[in-house]
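Peer 1: Got a structure for you, protein-v4.txt, holding compact mmCIF, C-alpha atoms.
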# COMPACT_ATOMS: atom_id res chain seq x y z
CA MET M 1 91.26 115.57 127.48
CA THR M 2 89.11 112.46 128.01
CA GLU M 3 85.52 112.90 126.91
CA PRO M 4 82.73 111.94 129.35
CA GLY M 5 81.90 108.28 129.03
CA ALA M 6 85.11 107.47 127.15
CA ALA M 7 86.43 105.18 129.88
CA GLU M 8 83.18 103.25 129.94
CA ASP M 9 83.30 102.90 126.16
CA ILE M 10 86.84 101.51 126.32
CA GLN M 11 85.89 99.05 129.04
CA SER M 12 82.95 97.85 126.98
CA LYS M 13 85.44 96.33 124.54
CA PHE M 14 86.77 93.86 127.10
CA VAL M 15 85.74 90.28 127.70
CA LYS M 16 83.27 90.95 130.52
CA ASN M 17 80.86 92.12 127.84
CA GLY M 18 81.62 89.24 125.47
CA VAL M 19 78.73 87.14 124.24
CA GLY M 20 79.07 83.41 124.66
CA GLY M 21 82.81 83.53 124.07
CA ASP M 22 82.27 84.93 120.58
CA PHE M 23 85.40 86.71 119.37
CA LEU M 24 83.44 89.45 117.62
CA GLN M 25 81.05 89.87 120.56
CA ALA M 26 78.29 89.29 118.04
CA ARG M 27 74.85 89.31 119.65
CA LYS M 28 72.75 88.24 116.68
CA VAL M 29 74.52 85.18 115.28
CA GLU M 30 72.04 82.66 113.89
CA ASP M 31 72.28 79.37 112.00
CA LYS M 32 72.10 81.13 108.66
CA ILE M 33 74.24 81.19 105.53
CA GLY M 34 75.85 84.43 104.42
CA LEU M 35 77.67 85.11 101.16
CA CYS M 36 80.35 87.81 100.89
CA LEU M 37 81.33 89.18 97.48
CA SER M 38 84.58 91.14 97.49
CA GLY M 39 85.65 94.16 95.53
CA GLY M 40 87.86 94.23 92.47
CA GLY M 41 86.11 96.12 89.67
CA TYR M 42 84.71 94.24 86.67
CA ARG M 43 87.18 91.45 87.43
CA ALA M 44 85.34 90.77 90.68
CA THR M 45 81.92 91.04 89.04
CA ILE M 46 82.79 88.32 86.51
CA TYR M 47 84.64 86.10 89.00
CA HIS M 48 81.67 86.15 91.38
CA LEU M 49 79.38 85.21 88.51
CA GLY M 50 81.33 81.97 88.17
CA ALA M 51 80.91 81.30 91.89
CA LEU M 52 77.18 82.05 91.71
CA ILE M 53 76.79 79.58 88.84
CA ARG M 54 78.39 76.80 90.90
CA LEU M 55 76.44 77.68 94.05
CA ASN M 56 73.25 77.56 92.00
CA GLU M 57 74.08 74.16 90.50
CA LEU M 58 74.51 72.79 94.03
CA GLY M 59 71.28 74.31 95.35
CA TYR M 60 73.20 76.58 97.73
CA LEU M 61 72.14 79.84 96.11
CA ALA M 62 68.54 79.31 97.24
CA ARG M 63 69.72 78.58 100.80
CA ILE M 64 71.57 81.86 101.29
CA ASP M 65 70.04 84.23 103.86
CA GLU M 66 72.42 87.20 103.57
CA VAL M 67 74.49 88.63 100.72
CA ALA M 68 76.98 91.38 101.55
CA SER M 69 79.05 93.05 98.88
CA VAL M 70 81.49 95.81 98.08
CA SER M 71 82.71 97.45 94.88
CA GLY M 72 82.70 95.07 91.89
CA GLY M 73 80.89 92.52 94.02
CA SER M 74 78.06 95.01 94.47
CA ILE M 75 77.57 95.30 90.70
CA ALA M 76 76.80 91.57 90.57
CA ALA M 77 74.89 91.50 93.86
CA GLY M 78 72.72 94.46 92.88
CA PHE M 79 71.63 92.82 89.64
CA LEU M 80 71.07 89.45 91.31
CA ALA M 81 68.97 91.16 93.98
CA LEU M 82 66.87 92.92 91.37
CA LYS M 83 66.30 89.72 89.40
CA TRP M 84 65.81 87.41 92.38
CA SER M 85 62.01 87.37 92.20
CA ASP M 86 62.25 86.37 88.53
CA LEU M 87 64.41 83.31 89.21
CA ASP M 88 62.66 79.99 88.65
CA PHE M 89 63.86 77.68 91.43
CA ASP M 90 63.04 73.99 91.04
CA ALA M 91 62.34 71.54 93.87
CA SER M 92 66.08 71.06 94.53
CA GLY M 93 66.68 74.82 94.82
CA VAL M 94 68.33 75.31 91.42
CA ALA M 95 67.35 78.43 89.48
CA ARG M 96 66.73 77.11 85.99
CA ASN M 97 66.87 80.55 84.37
CA LEU M 98 69.93 82.03 86.14
CA TYR M 99 71.83 82.27 82.86
CA HIS M 100 69.08 84.12 81.05
CA GLU M 101 68.12 86.47 83.89
CA VAL M 102 71.50 87.22 85.49
CA VAL M 103 74.58 85.77 83.79
CA VAL M 104 74.03 86.85 80.19
CA PRO M 105 73.03 90.50 80.95
CA LEU M 106 75.95 90.97 83.34
CA LEU M 107 78.49 89.53 80.90
CA ARG M 108 77.10 91.83 78.24
CA PHE M 109 77.48 94.79 80.59
CA VAL M 110 81.12 94.11 81.51
CA GLY M 111 81.93 94.26 77.81
CA ILE M 112 81.13 97.98 78.01
CA GLY M 113 83.68 100.44 79.35
CA ILE M 114 82.38 103.15 81.69
CA ASP M 115 85.32 104.41 83.74
CA THR M 116 87.24 106.41 81.09
CA ARG M 117 84.12 108.30 80.05
CA ALA M 118 83.30 108.99 83.69
CA ILE M 119 86.76 110.37 84.39
CA LEU M 120 86.61 112.66 81.34
CA TYR M 121 83.12 113.78 82.39
CA SER M 122 84.51 114.85 85.78
CA PHE M 123 86.62 117.54 84.11
CA LEU M 124 83.47 119.43 83.12
CA PRO M 125 82.45 122.20 85.54
CA GLY M 126 80.08 120.97 88.22
CA CYS M 127 80.28 117.35 87.05
CA ALA M 128 81.37 114.26 89.01
CA ALA M 129 82.67 110.94 87.69
CA ALA M 130 80.44 109.10 90.15
CA ASP M 131 77.32 110.59 88.58
CA SER M 132 78.36 109.23 85.19
CA ILE M 133 78.97 105.78 86.72
CA ALA M 134 75.58 105.78 88.43
CA ARG M 135 73.84 106.72 85.17
CA ALA M 136 75.62 103.90 83.34
CA TYR M 137 74.56 101.38 85.99
CA ASP M 138 70.99 102.60 85.79
CA ARG M 139 70.84 102.61 82.00
CA HIS M 140 72.35 99.17 81.46
CA LEU M 141 71.37 97.23 84.58
CA TYR M 142 69.02 98.69 87.20
CA GLN M 143 66.67 100.82 85.07
CA GLY M 144 65.25 103.09 87.73
CA ALA M 145 65.03 100.50 90.52
CA THR M 146 65.38 101.54 94.16
CA LEU M 147 66.35 99.56 97.22
CA GLN M 148 62.64 98.99 97.84
CA ASP M 149 62.42 96.97 94.61
CA LEU M 150 64.74 94.27 95.97
CA SER M 151 63.79 90.93 97.48
CA ASP M 152 63.26 90.54 101.22
CA ARG M 153 65.15 87.25 101.30
CA PRO M 154 67.98 86.91 100.94
CA ARG M 155 68.85 90.28 102.43
CA PHE M 156 71.29 92.11 100.18
CA THR M 157 73.58 94.62 101.90
CA PHE M 158 75.78 96.98 99.92
CA MET M 159 78.76 98.43 101.74
CA ALA M 160 80.28 101.88 101.16
CA THR M 161 82.86 103.86 103.14
CA ASN M 162 81.86 107.15 104.74
CA LEU M 163 84.56 109.74 104.07
CA GLN M 164 83.03 111.99 106.75
CA THR M 165 83.20 109.55 109.65
CA GLY M 166 85.71 106.90 108.58
CA SER M 167 83.13 104.17 109.18
CA GLY M 168 80.95 102.14 106.86
CA TRP M 169 77.54 102.92 105.40
CA ARG M 170 75.34 99.85 104.94
CA PHE M 171 72.50 99.98 102.45
CA SER M 172 69.73 97.39 102.24
CA LYS M 173 66.01 97.27 101.61
CA ALA M 174 65.25 97.12 105.33
CA TYR M 175 67.56 99.91 106.44
CA ALA M 176 70.60 102.05 105.71
CA ALA M 177 72.95 102.96 108.53
CA ASP M 178 76.23 104.38 109.68
CA TYR M 179 76.48 103.52 113.38
CA ARG M 180 77.93 106.97 114.13
CA VAL M 181 75.26 108.88 112.19
CA GLY M 182 72.04 106.93 112.59
CA ILE M 183 69.67 104.64 110.76
CA ILE M 184 67.13 105.04 107.95
CA ASP M 185 64.23 102.59 107.87
CA LYS M 186 63.22 101.38 104.40
CA PRO M 187 65.42 103.83 102.47
CA ASP M 188 63.99 104.87 99.12
CA LEU M 189 67.32 105.35 97.35
CA PRO M 190 68.23 104.56 93.72
CA LEU M 191 69.96 101.20 93.43
CA SER M 192 72.32 102.65 90.82
CA LYS M 193 73.45 105.37 93.24
CA VAL M 194 74.02 102.89 96.06
CA VAL M 195 76.06 100.54 93.86
CA ALA M 196 77.99 103.54 92.49
CA ALA M 197 78.87 104.51 96.06
CA SER M 198 79.94 100.96 96.88
CA SER M 199 82.17 100.83 93.79
CA ALA M 200 83.48 104.43 93.74
CA PHE M 201 87.15 103.58 93.55
CA PRO M 202 89.24 106.51 94.84
CA PRO M 203 90.37 108.97 93.76
CA LEU M 204 89.15 108.99 90.16
CA LEU M 205 85.62 107.61 90.59
CA SER M 206 85.03 108.98 94.08
CA PRO M 207 83.22 110.38 95.98
CA VAL M 208 79.49 109.74 95.67
CA ALA M 209 77.30 112.26 97.48
CA ILE M 210 73.90 110.97 98.58
CA ASP M 211 71.28 113.51 99.65
CA LEU M 212 69.67 112.34 102.89
CA THR M 213 67.32 115.27 103.41
CA GLY M 214 64.40 113.27 101.99
CA GLN M 215 65.14 110.37 104.33
CA ARG M 216 64.35 110.16 108.04
CA VAL M 217 67.65 109.52 109.78
CA LYS M 218 66.93 108.26 113.29
CA ALA M 219 69.35 108.25 116.16
CA ALA M 220 70.67 104.89 117.29
CA ALA M 221 72.73 103.71 120.24
CA GLY M 222 76.25 105.12 119.92
CA ALA M 223 75.35 107.59 117.14
CA ASP M 224 77.63 110.38 118.32
CA LEU M 225 77.34 112.22 114.98
CA HIS M 226 73.59 112.32 114.68
CA ARG M 227 73.50 115.93 113.53
CA PRO M 228 73.98 118.02 110.39
CA PRO M 229 75.84 117.82 108.08
CA PHE M 230 76.19 114.07 108.66
CA THR M 231 72.42 113.46 108.68
CA GLU M 232 71.85 115.61 105.59
CA ARG M 233 74.45 114.34 103.16
CA ALA M 234 76.58 111.20 102.95
CA VAL M 235 79.92 111.56 101.16
CA LEU M 236 80.96 108.05 100.23
CA THR M 237 83.73 106.10 98.57
CA ASP M 238 84.39 102.47 97.67
CA GLY M 239 83.22 99.97 100.29
CA GLY M 240 86.50 98.13 99.84
CA VAL M 241 88.35 100.94 101.59
CA TYR M 242 86.63 99.92 104.84
CA ASP M 243 86.14 96.18 104.26
CA ASN M 244 87.12 94.73 100.87
CA LEU M 245 85.74 91.29 101.70
CA GLY M 246 82.31 92.55 102.74
CA LEU M 247 82.49 90.62 106.03
CA GLU M 248 81.22 93.20 108.50
CA ARG M 249 77.52 92.37 108.45
CA VAL M 250 77.71 88.66 107.63
CA TRP M 251 80.18 87.49 110.23
CA LYS M 252 78.13 89.14 112.99
CA ARG M 253 74.88 87.53 111.80
CA CYS M 254 75.57 84.18 110.17
CA ARG M 255 77.03 80.96 111.54
CA THR M 256 78.07 79.87 108.04
CA ILE M 257 80.07 82.30 105.90
CA LEU M 258 80.88 81.84 102.22
CA VAL M 259 83.55 84.28 100.98
CA SER M 260 84.36 84.89 97.31
CA ASP M 261 87.55 86.95 97.12
CA ALA M 262 88.53 88.56 93.82
CA GLY M 263 90.60 91.32 95.41
CA LYS M 264 94.03 92.26 94.17
CA THR M 265 97.27 91.45 95.92
CA ILE M 266 100.30 93.71 96.03
CA PRO M 267 103.00 92.48 93.61
CA GLU M 268 106.59 92.15 94.74
CA VAL M 269 108.93 94.92 93.59
CA GLY M 270 112.66 94.29 93.61
CA LYS M 271 113.56 97.96 93.33
CA PRO M 272 110.79 100.21 94.69
CA GLY M 273 110.84 103.73 93.31
CA GLY M 274 112.23 106.38 95.59
CA ARG M 275 110.11 109.27 94.36
CA TRP M 276 107.44 110.43 96.77
CA VAL M 277 104.44 109.83 94.47
CA GLY M 278 105.32 106.22 93.69
CA GLN M 279 106.38 105.53 97.25
CA THR M 280 103.17 107.00 98.68
CA TYR M 281 101.02 104.96 96.28
CA ARG M 282 102.78 101.71 97.16
CA THR M 283 102.68 102.47 100.87
CA LEU M 284 98.90 103.01 100.74
CA ASN M 285 98.50 99.74 98.82
CA ILE M 286 100.53 97.88 101.42
CA ILE M 287 98.41 99.36 104.23
CA GLN M 288 95.23 98.29 102.41
CA GLN M 289 96.66 94.80 101.86
CA GLN M 290 97.49 94.46 105.55
CA VAL M 291 93.96 95.51 106.52
CA GLN M 292 92.60 92.75 104.30
CA ASN M 293 95.13 90.25 105.67
CA SER M 294 94.02 91.11 109.22
CA ARG M 295 90.38 90.44 108.36
CA GLN M 296 91.36 87.13 106.79
CA ARG M 297 93.21 86.12 109.94
CA ILE M 298 90.13 86.92 112.04
CA LEU M 299 87.96 84.97 109.61
CA PHE M 300 90.19 81.90 109.66
CA GLY M 301 90.64 82.20 113.42
CA MET M 302 86.89 82.04 113.95
CA ALA M 303 86.74 78.99 111.70
CA ASN M 304 89.59 77.24 113.49
CA SER M 305 88.02 77.94 116.90
CA GLY M 306 84.66 76.59 115.76
CA GLN M 307 82.85 79.93 116.12
CA ARG M 308 81.92 80.04 112.43
CA ASN M 309 81.70 77.63 109.52
CA VAL M 310 83.82 79.31 106.84
CA VAL M 311 84.22 78.52 103.16
CA TYR M 312 86.74 80.80 101.45
CA TRP M 313 88.00 80.90 97.89
CA ASP M 314 90.23 83.44 96.16
CA ILE M 315 91.02 84.36 92.61
CA GLY M 316 94.72 83.50 92.75
CA SER M 317 94.36 79.88 93.90
CA ALA M 318 93.91 76.84 91.65
CA PRO M 319 91.78 73.84 92.77
CA GLU M 320 94.87 71.73 93.52
CA GLN M 321 95.83 74.22 96.24
CA TYR M 322 92.71 73.34 98.26
CA GLY M 323 93.91 69.80 98.96
CA ILE M 324 91.15 68.03 97.02
CA GLU M 325 91.32 65.26 94.42
CA HIS M 326 88.63 66.26 91.95
CA GLY M 327 88.81 69.95 91.17
CA THR M 328 87.48 71.70 88.09
CA ALA M 329 90.20 71.91 85.44
CA LEU M 330 91.94 75.22 86.19
CA SER M 331 95.73 75.32 86.27
CA ARG M 332 97.87 77.45 88.55
CA GLU M 333 98.92 79.43 85.51
CA GLU M 334 95.29 80.18 84.64
CA ALA M 335 94.55 81.19 88.24
CA ARG M 336 97.54 83.52 88.23
CA GLU M 337 96.46 84.96 84.88
CA ALA M 338 92.98 85.64 86.25
CA ALA M 339 94.42 87.29 89.36
CA ASP M 340 96.67 89.52 87.24
CA LEU M 341 93.79 90.95 85.21
CA ARG M 342 92.97 94.60 85.80
CA THR M 343 90.37 95.78 88.31
CA ARG M 344 89.04 98.63 86.19
CA LEU M 345 85.53 99.24 84.83
CA ASN M 346 86.65 99.01 81.23
CA PRO M 347 85.69 96.36 78.61
CA PHE M 348 86.59 92.73 79.28
CA SER M 349 86.85 90.51 76.22
CA SER M 350 84.95 87.22 75.89
CA VAL M 351 88.22 85.34 76.47
CA GLU M 352 88.86 87.26 79.70
CA GLN M 353 85.26 86.78 80.79
CA ARG M 354 85.41 83.04 80.26
CA LEU M 355 88.67 82.75 82.24
CA LEU M 356 87.24 84.69 85.18
CA VAL M 357 83.93 82.82 85.23
CA LYS M 358 85.85 79.55 85.13
CA ALA M 359 88.12 80.71 87.98
CA GLY M 360 85.15 81.70 90.17
CA TYR M 361 83.34 78.45 89.41
CA ALA M 362 86.44 76.34 90.13
CA GLY M 363 87.22 78.28 93.33
CA ALA M 364 83.74 77.89 94.82
CA ASP M 365 83.67 74.20 93.86
CA ALA M 366 87.10 73.47 95.36
CA ALA M 367 86.48 75.40 98.59
CA LEU M 368 83.13 73.73 99.24
CA LYS M 369 84.73 70.31 98.72
CA ALA M 370 87.72 71.14 100.90
CA ARG M 371 85.47 72.20 103.77
CA GLY M 372 83.27 69.12 103.47
CA PHE M 373 80.17 70.94 102.27
CA ILE M 374 79.88 68.83 99.11
CA PRO M 375 81.38 65.46 98.06
CA ASP M 376 84.80 65.50 96.39
CA ILE M 377 83.61 64.20 93.04
CA PRO M 378 84.35 65.55 89.53
CA ALA M 379 82.45 68.59 88.29
CA ASN M 380 82.50 69.90 84.74
CA PHE M 381 82.63 73.58 83.94
CA PRO M 382 79.39 74.39 82.10
CA VAL M 383 79.21 75.66 78.54
CA LEU M 384 78.49 79.39 78.65
CA PRO M 385 75.73 80.66 76.38
Could you express the structure from this file as structure tokens?
Peer 2:
Amino acid sequence: MTEPGAAEDIQSKFVKNGVGGDFLQARKVEDKIGLCLSGGGYRATIYHLGALIRLNELGYLARIDEVASVSGGSIAAGFLALKWSDLDFDASGVARNLYHEVVVPLLRFVGIGIDTRAILYSFLPGCAAADSIARAYDRHLYQGATLQDLSDRPRFTFMATNLQTGSGWRFSKAYAADYRVGIIDKPDLPLSKVVAASSAFPPLLSPVAIDLTGQRVKAAAGADLHRPPFTERAVLTDGGVYDNLGLERVWKRCRTILVSDAGKTIPEVGKPGGRWVGQTYRTLNIIQQQVQNSRQRILFGMANSGQRNVVYWDIGSAPEQYGIEHGTALSREEAREAADLRTRLNPFSSVEQRLLVKAGYAGADAALKARGFIPDIPANFPVLP
């Protein structure tokens, strides 16, 4: 049976309600720069660090208005957000102390394994792996900070997936919202809990339950689930389940979109297993890969139609694949090696860290050159402290 208003809702998706020919029907697009940091566990955290280093060298980090992140990208984004007010930007927009304030502490953290302990902790009565992860984040990185301790600009948005509604929860200093549940103005939530929700990889590190009873959840247009239990408790999993590139907020707000993609790709299998467990696991991975491919096609389509300025780099591509002359020295073999590294939250060696930082640095450099954002001149990978 068709619910009242359903026909009107369907019709609202058609072109008569489009905004200026914008494919996404985005009503708040401005000439701003947004940065999207994908998921991918510690691998993504380290890879994005390399990209942040290059963006900072070029003065682009200071120009960013929005940062949206999921999963491993949220680990890096959360720490950058917390340290933003401590960054010493010079007249050209380069943070002179980025290494000391952000890079070194994060590289130290990803040398610590937290997922195995969390999984073992979950076997204790009344204990959840996600709680162990959140405590580790808080102890090593965020140290009691809440969303209200973050900078106002750029706006950092952390994405999680709502297992109750199938939609996304967005968390930022200004607001937290699930469009089906409602909106919370200036949420006073622990940063460690929010990042744990964004990076709660299912099923072992998921879900994260966030108590909303101390928050005022207001109704918003289209909030058809603005009622208990949805307004009292959010049951969340990895933001990458809903949007592994973290595009949802940025591509509806920003004319220029920078995308750092450290997500995994599904390997080819000559003889897929016929047993139901293996087959189910691979099928779910293929579905997730196709969701990401669809978002990429939309992203590139908007770029090709001139609706957005898009710069995209991914972990599996070497500089020579961007069609430039002067890329940072990173071979195809090194790019493939970086892309094949695990996406867990277990210790990464200094050798693995250096490879991933180099890959992120080289990817951001090559993509910016390929899209004409910076001159195609040689750049040298910096010496890490």
Peer 1: When you count all atoms listed in the file, which of these residues is closest to M:Glu66: M:Asp224, M:Asp178, M:Asp31, M:Glu101?
Peer 2: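 For M:Glu66, the nearest of the candidates is M:Asp31.
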Peer 1: State, in Å with one decimal place, the distance from atom CA of M:Gln25 to atom CA of M:Thr157.
Peer 2: 20.7 Å
Peer 1: Grab the atom CA of M:Phe230 to atom CA of M:Arg253 distance for me, in Å with one decimal place.
Peer 2: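 Spanning atom CA of M:Phe230 to atom CA of M:Arg253 is a straight-line distance of 26.8 Å.
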Peer 1: Using all atoms listed in the file, pick whichever of M:Ile53, M:Ala134, M:Leu107, M:Ala234 has the shortest atom-to-atom distance to M:Val351.
Peer 2: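 For M:Val351, the nearest of the given residues is M:Leu107.
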Peer 1: Closest to M:Ser132 among M:Ala177, M:Asp188, M:Lys83, M:Ser206, using only C-alpha atoms?
Peer 2: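 Distance minimum relative to M:Ser132 lands on M:Ser206.
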Peer 1: Please measure the separation of atom CA of M:Met302 and atom CA of M:Leu245, giving the value in Å to one decimal.
Peer 2: 15.4 Å
Peer 1: If we count all atoms listed in the file and set the cut-off at 8 Å, which residues sit around M:Gln288, ignoring sequence neighbours fewer than 4 positions away in its own chain? Please answer as a ChimeraX atom specification.
Peer 2: /M:241,284,292
Peer 1: Can you tell me which residues surround M:Ala200 at a distance of at most 6 Å, considering only C-alpha atoms, apart from same-chain residues fewer than 5 positions away, and format the answer as a ChimeraX atom specification?
Peer 2: /M:205-206,237-238
Peer 1: Please, could you write that set of residues out with C-alpha atoms as a compact mmCIF listing (two decimals), keeping the file's coordinate frame?
Peer 2:
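Contents of out04.txt, as written:
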# COMPACT_ATOMS: atom_id res chain seq x y z
CA LEU M 205 85.62 107.61 90.59
CA SER M 206 85.03 108.98 94.08
CA THR M 237 83.73 106.10 98.57
CA ASP M 238 84.39 102.47 97.67
Peer 1: Considering only C-alpha atoms, return as a PyMOL selection string whatever protein or nucleic-acid residues lie within 7 Å of stretch 311-314 of chain M, sequence-local ones (same chain, fewer than 2 positions apart) excluded.
Peer 2: chain M and resi 257-262+309+316-317+363-364+367-368+371
Peer 1: Quick one: everything within 6 Å of M:Leu191, counting only C-alpha atoms, minus sequence neighbours fewer than 6 positions away in the same chain. Send it as a list in words.
Peer 2: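 Neighbouring residues, sequence-local ones excluded: Ala145, Thr146 and Leu147 of chain M.
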Peer 1: Need the shell around stretch 90-96 of chain M: protein/DNA/RNA residues with any atom at most 6 Å away, counting only C-alpha atoms. Skip same-chain ones fewer than 6 positions apart. Format as a list of chain:residue names?
Peer 2: M:Asn56, M:Glu57, M:Gly59, M:Ala62
Peer 1: From the options M:Ser38, M:Ala136, M:Val29, M:Phe156, which residue's atoms come nearest to M:Trp84, counting only C-alpha atoms?
Peer 2: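 Closest residue, counting only C-alpha atoms: M:Phe156.
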Peer 1: From the options M:Gly182, M:Pro347, M:Pro202, M:Gly73, which residue's atoms come nearest to M:Gly40, counting all atoms listed in the file?
Peer 2: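 Between M:Gly182, M:Pro347, M:Pro202, M:Gly73, the residue approaching M:Gly40 most closely is M:Gly73.
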Peer 1: In terms of the shortest atom-to-atom distance over all atoms listed in the file, which of M:Val102, M:Val235, M:Leu82, M:Ile324 is closest to M:Ile374?
Peer 2: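 Using all atoms listed in the file, the shortest distance to M:Ile374 belongs to M:Ile324.
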Peer 1: Counting all atoms listed in the file, find the residues whose atoms lie at most 10 Å from (78.8, 85.8, 96.9) (file coordinates) and write them out as a PyMOL selection string.
Peer 2: chain M and resi 34-38+45+47-52+55+61+64+66-69+73-74+76-77+246+257-261+364
Peer 1: Can you take stretch 126-140 of chain M from the block and write N, CA, C and O atoms as a compact mmCIF listing (two decimals), in the first residue's frame?
Peer 2:
# COMPACT_ATOMS: atom_id res chain seq x y z
N GLY M 126 29.16 -8.47 28.52
CA GLY M 126 28.79 -7.06 28.58
C GLY M 126 29.79 -6.11 27.98
O GLY M 126 29.66 -4.89 28.16
N CYS M 127 30.77 -6.63 27.26
CA CYS M 127 31.82 -5.78 26.69
C CYS M 127 31.71 -5.74 25.16
O CYS M 127 31.31 -6.72 24.53
N ALA M 128 32.09 -4.60 24.58
CA ALA M 128 32.02 -4.42 23.13
C ALA M 128 33.38 -4.00 22.60
O ALA M 128 34.09 -3.20 23.22
N ALA M 129 33.75 -4.54 21.45
CA ALA M 129 35.03 -4.20 20.82
C ALA M 129 35.14 -2.71 20.57
O ALA M 129 36.21 -2.10 20.73
N ALA M 130 34.03 -2.09 20.17
CA ALA M 130 34.04 -0.67 19.85
C ALA M 130 34.42 0.19 21.05
O ALA M 130 35.07 1.23 20.90
N ASP M 131 34.03 -0.24 22.25
CA ASP M 131 34.39 0.51 23.44
C ASP M 131 35.90 0.50 23.66
O ASP M 131 36.50 1.50 24.06
N SER M 132 36.52 -0.65 23.39
CA SER M 132 37.98 -0.76 23.51
C SER M 132 38.67 0.15 22.48
O SER M 132 39.67 0.81 22.80
N ILE M 133 38.15 0.16 21.27
CA ILE M 133 38.72 1.03 20.22
C ILE M 133 38.61 2.49 20.61
O ILE M 133 39.57 3.27 20.48
N ALA M 134 37.45 2.89 21.09
CA ALA M 134 37.24 4.29 21.49
C ALA M 134 38.20 4.68 22.61
O ALA M 134 38.76 5.79 22.61
N ARG M 135 38.40 3.79 23.57
CA ARG M 135 39.33 4.10 24.66
C ARG M 135 40.76 4.25 24.15
O ARG M 135 41.51 5.11 24.62
N ALA M 136 41.14 3.41 23.20
CA ALA M 136 42.49 3.50 22.63
C ALA M 136 42.67 4.82 21.89
O ALA M 136 43.71 5.49 22.03
N TYR M 137 41.67 5.22 21.11
CA TYR M 137 41.74 6.52 20.42
C TYR M 137 41.90 7.65 21.43
O TYR M 137 42.70 8.58 21.25
N ASP M 138 41.11 7.58 22.49
CA ASP M 138 41.13 8.66 23.47
C ASP M 138 42.47 8.71 24.21
O ASP M 138 43.03 9.79 24.43
N ARG M 139 42.98 7.55 24.56
CA ARG M 139 44.22 7.50 25.33
C ARG M 139 45.42 7.98 24.52
O ARG M 139 46.26 8.74 25.02
N HIS M 140 45.49 7.59 23.26
CA HIS M 140 46.68 7.87 22.46
C HIS M 140 46.57 9.15 21.63
O HIS M 140 47.60 9.74 21.28
